[in-house]
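Read through the structure below, which is laid out as structure tokens, and then see the notes.
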Amino acid sequence: MRVSPALVFAVSAAALSAVVFPAAAQAEEQPVRTAPGLTLPATFTGTLPMASGPGAAWHLDLWPDQTFHLTQRFGPDAAPTADLGRWSVDPARGALVLRGGREAPVFFEIRGNGSLRLMDRDGAPIESTLNYTLEPGPLTPAAPSLPLTGTFRYMADAALFSECLTGRSYPVAMEQDYLSAERSYLALEAQGGAPVFAVLEGQLAMRPAMEGPDQTHLVIERFDRFEPEQACPDTPQDLSLTGGFWRITDLNGVPLPWAEGTSEPFLLLEDGDAPGFSASVGCNRMRGTLTLGDSTLSFGPAAMTMMACPPPLNTAEQDLATALTAAQTWRIEDGALVLSGADASPLVRAEPAYRP
């Protein structure tokens with residue numbers, strides 16, 4: 001019996017991905033109500049004003065892992081342009097920030113109804129009666145074609161590509177200019193299928209997976225070159241105490257329950273002229289004052305919304321309020337924030353999320 005090359009590739013890619021790389025983006029993901037006020041994954045679309053012409057069509061795909069794809073068309077006859085990268089949140093501005101392959105970031109105000117309104121290049125609101133809003137909808141990923149850099153790895157008759165700006169990994173489809181990349185890789189005689197830095201033009205498009213829903217693949221439209229001495233730049237995560245969201249994982253040493261359909265539990269600490277905090281276990285939101293030291297902190301009285309919370313969130317909400325009142329010290333341990341009381345026992349543990 002003759003085995004289809006496509007089937008061999010699908011089996012090999014699935015095995016290699018499971019061992020070496022995180023899974024690539026799927027067409028269907030469970031929606032998450034993130035702490036910044038967005039329900040993701042989602043696609044945001046709209047036609048935004050330009051200096052002249054009918055406007056620019058924007059298509060923005062956002063995923064909960066803080067990656068984005070942006071496609072724009074500046075006029076009906078213009079070719080689309082694309083970018084991808086990572087998004088973060090600037091809590092002080094209430095802004096979503098896109099940082100991709102362009103020189104300057106793109107800022108959006110996060111509106112209360114879940115829509116996004118474009119801000120100016122400095123991250124300030126645009127004072128205009130024109131419509132600068134992108135409306136949310138179900139995730140409908142675009143298939144952007146754009147220059148890409150990342151690491152290419154070939155082993156067991158399959159290839160995977162890890163893109164530099166997002167850190168995401170994708171199986172490589174065996175079509176278009178794929179063979180140029182494979183032959184060039186084999187000519188390098190990379191040991192053990194080692195990853196090699198690659199420069200290419202490609203498209204991130206849905207293709208059938210061996211099992212489950214369709215999966216995003218890299219389609220190499222034009223392979224340029226390998227640079228064995230090059231690597232993706234390091235992007236260390238900023239774990240400063242203030243200015244970014246922390247996702248609460250444990251209260252009093254016990255994992256925090258997270259009810260499906262509720263918002264993510266979070267803690268946000270803000271410094272500046274008026275230090276303060278906001279927090280939630282996924283139901284009501286509490287806000288109050290904050291006093292910070294080098295390793296100490298004190299939470300002041302908090303105001304809180306008064307929604308009825310279903311169990312177990314009602315109990316967890318009381319536990320969080322009690323824990324914050326008792327907290328006296330903070331430390332960052334193994335990449336997580338730990339708040340402790342007078343006896344040094346951990347009261348709150350939180351992981352970094354949506355960092356600026």
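Please note that chains go A, B, ... in the order of the structure tokens, that every chain numbers its residues from 1, and that ligands are numbered from 1 in the order shown.
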Shell around Leu188 (chain A) at 12 Å using only C-alpha atoms, local window under 6 positions removed, as a ChimeraX atom specification: /A:153-154,181-182,194-197,225-228
What would the file look like if the residues just selected were written as a compact mmCIF listing (two decimals), in the first residue's frame with N, CA, C and O atoms?
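Heads up, here's the output in again.txt:
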```txt
# COMPACT_ATOMS: atom_id res chain seq x y z
N ARG A 153 13.23 24.02 11.67
CA ARG A 153 13.77 22.74 12.11
C ARG A 153 13.13 21.62 11.30
O ARG A 153 11.90 21.60 11.13
N TYR A 154 13.95 20.72 10.80
CA TYR A 154 13.47 19.61 9.99
C TYR A 154 13.95 18.31 10.61
O TYR A 154 15.15 18.15 10.91
N ALA A 181 13.53 25.40 1.09
CA ALA A 181 13.96 25.45 2.48
C ALA A 181 14.48 24.10 2.95
O ALA A 181 15.53 24.01 3.61
N GLU A 182 13.79 23.02 2.61
CA GLU A 182 14.22 21.70 3.05
C GLU A 182 15.61 21.36 2.48
O GLU A 182 16.48 20.88 3.20
N ALA A 194 18.72 20.30 14.42
CA ALA A 194 18.84 21.52 15.22
C ALA A 194 18.12 22.69 14.55
O ALA A 194 18.09 22.78 13.32
N PRO A 195 17.54 23.61 15.34
CA PRO A 195 16.89 24.78 14.75
C PRO A 195 17.91 25.73 14.14
O PRO A 195 18.99 25.95 14.71
N VAL A 196 17.58 26.31 12.98
CA VAL A 196 18.45 27.24 12.29
C VAL A 196 17.65 28.50 11.96
O VAL A 196 16.50 28.41 11.50
N PHE A 197 18.24 29.66 12.16
CA PHE A 197 17.57 30.93 11.89
C PHE A 197 17.29 31.05 10.40
O PHE A 197 18.18 30.82 9.57
N ARG A 225 16.91 32.64 2.93
CA ARG A 225 18.22 32.11 3.34
C ARG A 225 18.17 31.63 4.79
O ARG A 225 17.26 31.98 5.55
N PHE A 226 19.16 30.83 5.14
CA PHE A 226 19.44 30.46 6.53
C PHE A 226 20.65 31.27 7.01
O PHE A 226 21.58 31.55 6.23
N GLU A 227 20.65 31.63 8.28
CA GLU A 227 21.77 32.33 8.91
C GLU A 227 22.12 31.55 10.18
O GLU A 227 21.64 31.85 11.27
N PRO A 228 22.98 30.52 10.07
CA PRO A 228 23.25 29.63 11.22
C PRO A 228 23.82 30.35 12.44
O PRO A 228 23.65 29.85 13.57
```
DSSP on the backbone: which residues in region 70-307 of chain A end up as helix (DSSP H, G or I)? Give the answer as a PDB file with N, CA and C atoms, in the first residue's frame.
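Result file is result-v6.pdb:
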```
ATOM      1  N   TYR A 178       8.440  25.301  -0.236  1.00  0.00           N
ATOM      2  CA  TYR A 178       8.921  24.478   0.885  1.00  0.00           C
ATOM      3  C   TYR A 178      10.190  23.711   0.540  1.00  0.00           C
ATOM      4  N   LEU A 179      10.250  23.119  -0.656  1.00  0.00           N
ATOM      5  CA  LEU A 179      11.397  22.275  -1.003  1.00  0.00           C
ATOM      6  C   LEU A 179      12.708  23.061  -0.988  1.00  0.00           C
ATOM      7  N   SER A 180      12.669  24.350  -1.345  1.00  0.00           N
ATOM      8  CA  SER A 180      13.899  25.154  -1.294  1.00  0.00           C
ATOM      9  C   SER A 180      14.438  25.225   0.132  1.00  0.00           C
ATOM     10  N   ALA A 181      13.529  25.398   1.086  1.00  0.00           N
ATOM     11  CA  ALA A 181      13.963  25.452   2.482  1.00  0.00           C
ATOM     12  C   ALA A 181      14.482  24.099   2.949  1.00  0.00           C
ATOM     13  N   GLU A 182      13.786  23.020   2.611  1.00  0.00           N
ATOM     14  CA  GLU A 182      14.224  21.697   3.052  1.00  0.00           C
ATOM     15  C   GLU A 182      15.606  21.362   2.483  1.00  0.00           C
ATOM     16  N   ARG A 183      15.808  21.606   1.185  1.00  0.00           N
ATOM     17  CA  ARG A 183      17.096  21.270   0.576  1.00  0.00           C
ATOM     18  C   ARG A 183      18.221  22.102   1.170  1.00  0.00           C
ATOM     19  N   SER A 184      17.945  23.378   1.407  1.00  0.00           N
ATOM     20  CA  SER A 184      18.979  24.234   2.004  1.00  0.00           C
ATOM     21  C   SER A 184      19.305  23.787   3.424  1.00  0.00           C
ATOM     22  N   TYR A 185      18.289  23.361   4.151  1.00  0.00           N
ATOM     23  CA  TYR A 185      18.505  22.888   5.525  1.00  0.00           C
ATOM     24  C   TYR A 185      19.345  21.615   5.522  1.00  0.00           C
ATOM     25  N   LEU A 186      19.002  20.659   4.648  1.00  0.00           N
ATOM     26  CA  LEU A 186      19.755  19.407   4.597  1.00  0.00           C
ATOM     27  C   LEU A 186      21.202  19.647   4.176  1.00  0.00           C
ATOM     28  N   ALA A 187      21.420  20.674   3.343  1.00  0.00           N
ATOM     29  CA  ALA A 187      22.792  20.986   2.916  1.00  0.00           C
ATOM     30  C   ALA A 187      23.640  21.491   4.072  1.00  0.00           C
ATOM     31  N   LEU A 188      22.994  22.024   5.103  1.00  0.00           N
ATOM     32  CA  LEU A 188      23.739  22.503   6.269  1.00  0.00           C
ATOM     33  C   LEU A 188      24.221  21.367   7.146  1.00  0.00           C
ATOM     34  N   GLN A 191      22.990  19.085  13.037  1.00  0.00           N
ATOM     35  CA  GLN A 191      23.042  17.908  13.880  1.00  0.00           C
ATOM     36  C   GLN A 191      21.728  17.722  14.631  1.00  0.00           C
ATOM     37  N   GLY A 192      21.149  16.510  14.525  1.00  0.00           N
ATOM     38  CA  GLY A 192      19.967  16.176  15.297  1.00  0.00           C
ATOM     39  C   GLY A 192      18.756  17.034  14.999  1.00  0.00           C
ATOM     40  N   GLY A 193      18.674  17.554  13.792  1.00  0.00           N
ATOM     41  CA  GLY A 193      17.541  18.400  13.477  1.00  0.00           C
ATOM     42  C   GLY A 193      17.543  19.696  14.252  1.00  0.00           C
TER      43      GLY A 193
END
```
Given the choices A:Leu139, A:Leu256, A:Ala321, A:Ala344, which gets closest to Asn284 (chain A) if the distance is worked out from only C-alpha atoms?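 Among the listed residues, A:Ala321 lies closest to Asn284 (chain A).
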CA of Thr296 (chain A) sits from CA of Phe266 (chain A) at a separation of 19.7 Å
Using only C-alpha atoms, determine which residues lie at most 9 Å from region 164-170 of chain A, disregarding the query and same-chain residues fewer than 2 positions distant; provide the list as a PyMOL selection string. chain A and resi 17+21-25+66-68+84-86+99-101+148-151+159-162+172+204+215-218+231-233
Which is closer to Gln203 (chain A) than all the others in A:Pro255, A:Pro141, A:Pro312, A:Pro91, using only C-alpha atoms? A:Pro141
Please identify which residues in region 156-259 of chain A DSSP calls strand (DSSP E) from the backbone, and express them as a PyMOL selection string. chain A and resi 158-163+169-171+196-207+215-226+245-251+254-255
Tell me which protein, DNA and RNA residues are within 12 Å of Gly112 (chain A), counting only C-alpha atoms, leaving out same-chain ones fewer than 6 positions away, and put them as a PDB file with N, CA, C and O atoms, in the first residue's frame.
```pdb
ATOM      1  N   PRO A  36      -7.947  42.519  31.280  1.00  0.00           N
ATOM      2  CA  PRO A  36      -8.078  43.861  30.679  1.00  0.00           C
ATOM      3  C   PRO A  36      -9.470  44.191  30.165  1.00  0.00           C
ATOM      4  O   PRO A  36      -9.691  45.305  29.692  1.00  0.00           O
ATOM      5  N   GLY A  37     -10.425  43.252  30.194  1.00  0.00           N
ATOM      6  CA  GLY A  37     -11.775  43.551  29.760  1.00  0.00           C
ATOM      7  C   GLY A  37     -12.109  43.083  28.368  1.00  0.00           C
ATOM      8  O   GLY A  37     -13.062  43.570  27.756  1.00  0.00           O
ATOM      9  N   LEU A  38     -11.345  42.118  27.849  1.00  0.00           N
ATOM     10  CA  LEU A  38     -11.587  41.571  26.512  1.00  0.00           C
ATOM     11  C   LEU A  38     -11.951  40.099  26.621  1.00  0.00           C
ATOM     12  O   LEU A  38     -11.487  39.406  27.532  1.00  0.00           O
ATOM     13  N   THR A  39     -12.777  39.621  25.701  1.00  0.00           N
ATOM     14  CA  THR A  39     -13.073  38.203  25.602  1.00  0.00           C
ATOM     15  C   THR A  39     -12.343  37.672  24.377  1.00  0.00           C
ATOM     16  O   THR A  39     -12.644  38.055  23.244  1.00  0.00           O
ATOM     17  N   GLY A  94      -5.468  52.517  30.121  1.00  0.00           N
ATOM     18  CA  GLY A  94      -6.539  51.628  29.705  1.00  0.00           C
ATOM     19  C   GLY A  94      -6.388  51.245  28.257  1.00  0.00           C
ATOM     20  O   GLY A  94      -7.371  51.143  27.519  1.00  0.00           O
ATOM     21  N   ALA A  95      -5.135  51.004  27.850  1.00  0.00           N
ATOM     22  CA  ALA A  95      -4.840  50.837  26.428  1.00  0.00           C
ATOM     23  C   ALA A  95      -4.276  49.454  26.125  1.00  0.00           C
ATOM     24  O   ALA A  95      -3.494  48.894  26.898  1.00  0.00           O
ATOM     25  N   GLU A 135     -14.835  46.783  16.077  1.00  0.00           N
ATOM     26  CA  GLU A 135     -15.839  46.021  16.816  1.00  0.00           C
ATOM     27  C   GLU A 135     -15.419  44.556  16.924  1.00  0.00           C
ATOM     28  O   GLU A 135     -14.884  43.977  15.977  1.00  0.00           O
TER      29      GLU A 135
END
```
Find the residues near Glu333 (chain A): any atom within 12 Å, counting only C-alpha atoms, skip ones fewer than 5 places away on the same chain, and give them as a ChimeraX atom specification. /A:239,241,338-339,346,349-352
Would you output that residue set with N, CA, C and O atoms, as a JSON list (two decimals), in the first residue's frame?
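Done, and the output landed in result.json:
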```
[["chain", "number", "residue", "atom", "x", "y", "z"],
["A", 239, "LEU", "N", 9.18, 41.70, 35.11],
["A", 239, "LEU", "CA", 8.46, 41.24, 36.29],
["A", 239, "LEU", "C", 8.49, 42.30, 37.38],
["A", 239, "LEU", "O", 8.59, 41.99, 38.56],
["A", 241, "LEU", "N", 6.97, 44.87, 39.97],
["A", 241, "LEU", "CA", 5.79, 44.66, 40.82],
["A", 241, "LEU", "C", 4.57, 45.40, 40.29],
["A", 241, "LEU", "O", 3.46, 44.87, 40.29],
["A", 338, "VAL", "N", 4.42, 36.64, 45.28],
["A", 338, "VAL", "CA", 3.92, 36.01, 46.51],
["A", 338, "VAL", "C", 3.74, 37.10, 47.56],
["A", 338, "VAL", "O", 4.67, 37.83, 47.88],
["A", 339, "LEU", "N", 2.52, 37.21, 48.08],
["A", 339, "LEU", "CA", 2.22, 38.11, 49.20],
["A", 339, "LEU", "C", 2.09, 37.29, 50.46],
["A", 339, "LEU", "O", 1.40, 36.26, 50.47],
["A", 346, "PRO", "N", 2.44, 32.16, 52.81],
["A", 346, "PRO", "CA", 1.91, 32.77, 51.59],
["A", 346, "PRO", "C", 0.39, 32.94, 51.66],
["A", 346, "PRO", "O", -0.34, 32.01, 51.98],
["A", 349, "ARG", "N", -0.72, 34.06, 45.70],
["A", 349, "ARG", "CA", 0.28, 33.79, 44.67],
["A", 349, "ARG", "C", -0.32, 34.16, 43.33],
["A", 349, "ARG", "O", -1.48, 33.83, 43.04],
["A", 350, "ALA", "N", 0.46, 34.85, 42.50],
["A", 350, "ALA", "CA", -0.04, 35.31, 41.20],
["A", 350, "ALA", "C", 1.05, 35.23, 40.17],
["A", 350, "ALA", "O", 2.24, 35.47, 40.47],
["A", 351, "GLU", "N", 0.67, 34.91, 38.94],
["A", 351, "GLU", "CA", 1.62, 34.82, 37.84],
["A", 351, "GLU", "C", 1.50, 36.04, 36.94],
["A", 351, "GLU", "O", 0.42, 36.64, 36.82],
["A", 352, "PRO", "N", 2.57, 36.44, 36.26],
["A", 352, "PRO", "CA", 2.50, 37.62, 35.39],
["A", 352, "PRO", "C", 1.58, 37.39, 34.20],
["A", 352, "PRO", "O", 1.53, 36.30, 33.63]]
```
Excluding Pro310 (chain A) and residues on its chain fewer than 3 positions from it, collect all residues at most 10 Å away from it, counting only C-alpha atoms, and give them as an MDAnalysis selection string. chainID A and resid 259 283 307 313:315
Nearest to Gly335 (chain A), chosen from A:Thr133, A:Trp246, A:Trp258, A:Ile220, with only C-alpha atoms counted in the distances: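 Once distances to Gly335 (chain A) are computed over only C-alpha atoms, the minimum belongs to A:Trp246.
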So that I can see what lies close to Ala56 (chain A), please list as a ChimeraX atom specification the residues with an atom at most 12 Å from it, counting only C-alpha atoms and leaving out residues fewer than 4 positions away in the same chain. /A:45-52,71-81,131-134
Coordinates-based distance that separates CA of Trp63 (chain A) from CA of Leu320 (chain A) (Å, one decimal):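 About the pair CA of Leu320 (chain A) and CA of Trp63 (chain A): they are 28.0 Å apart.
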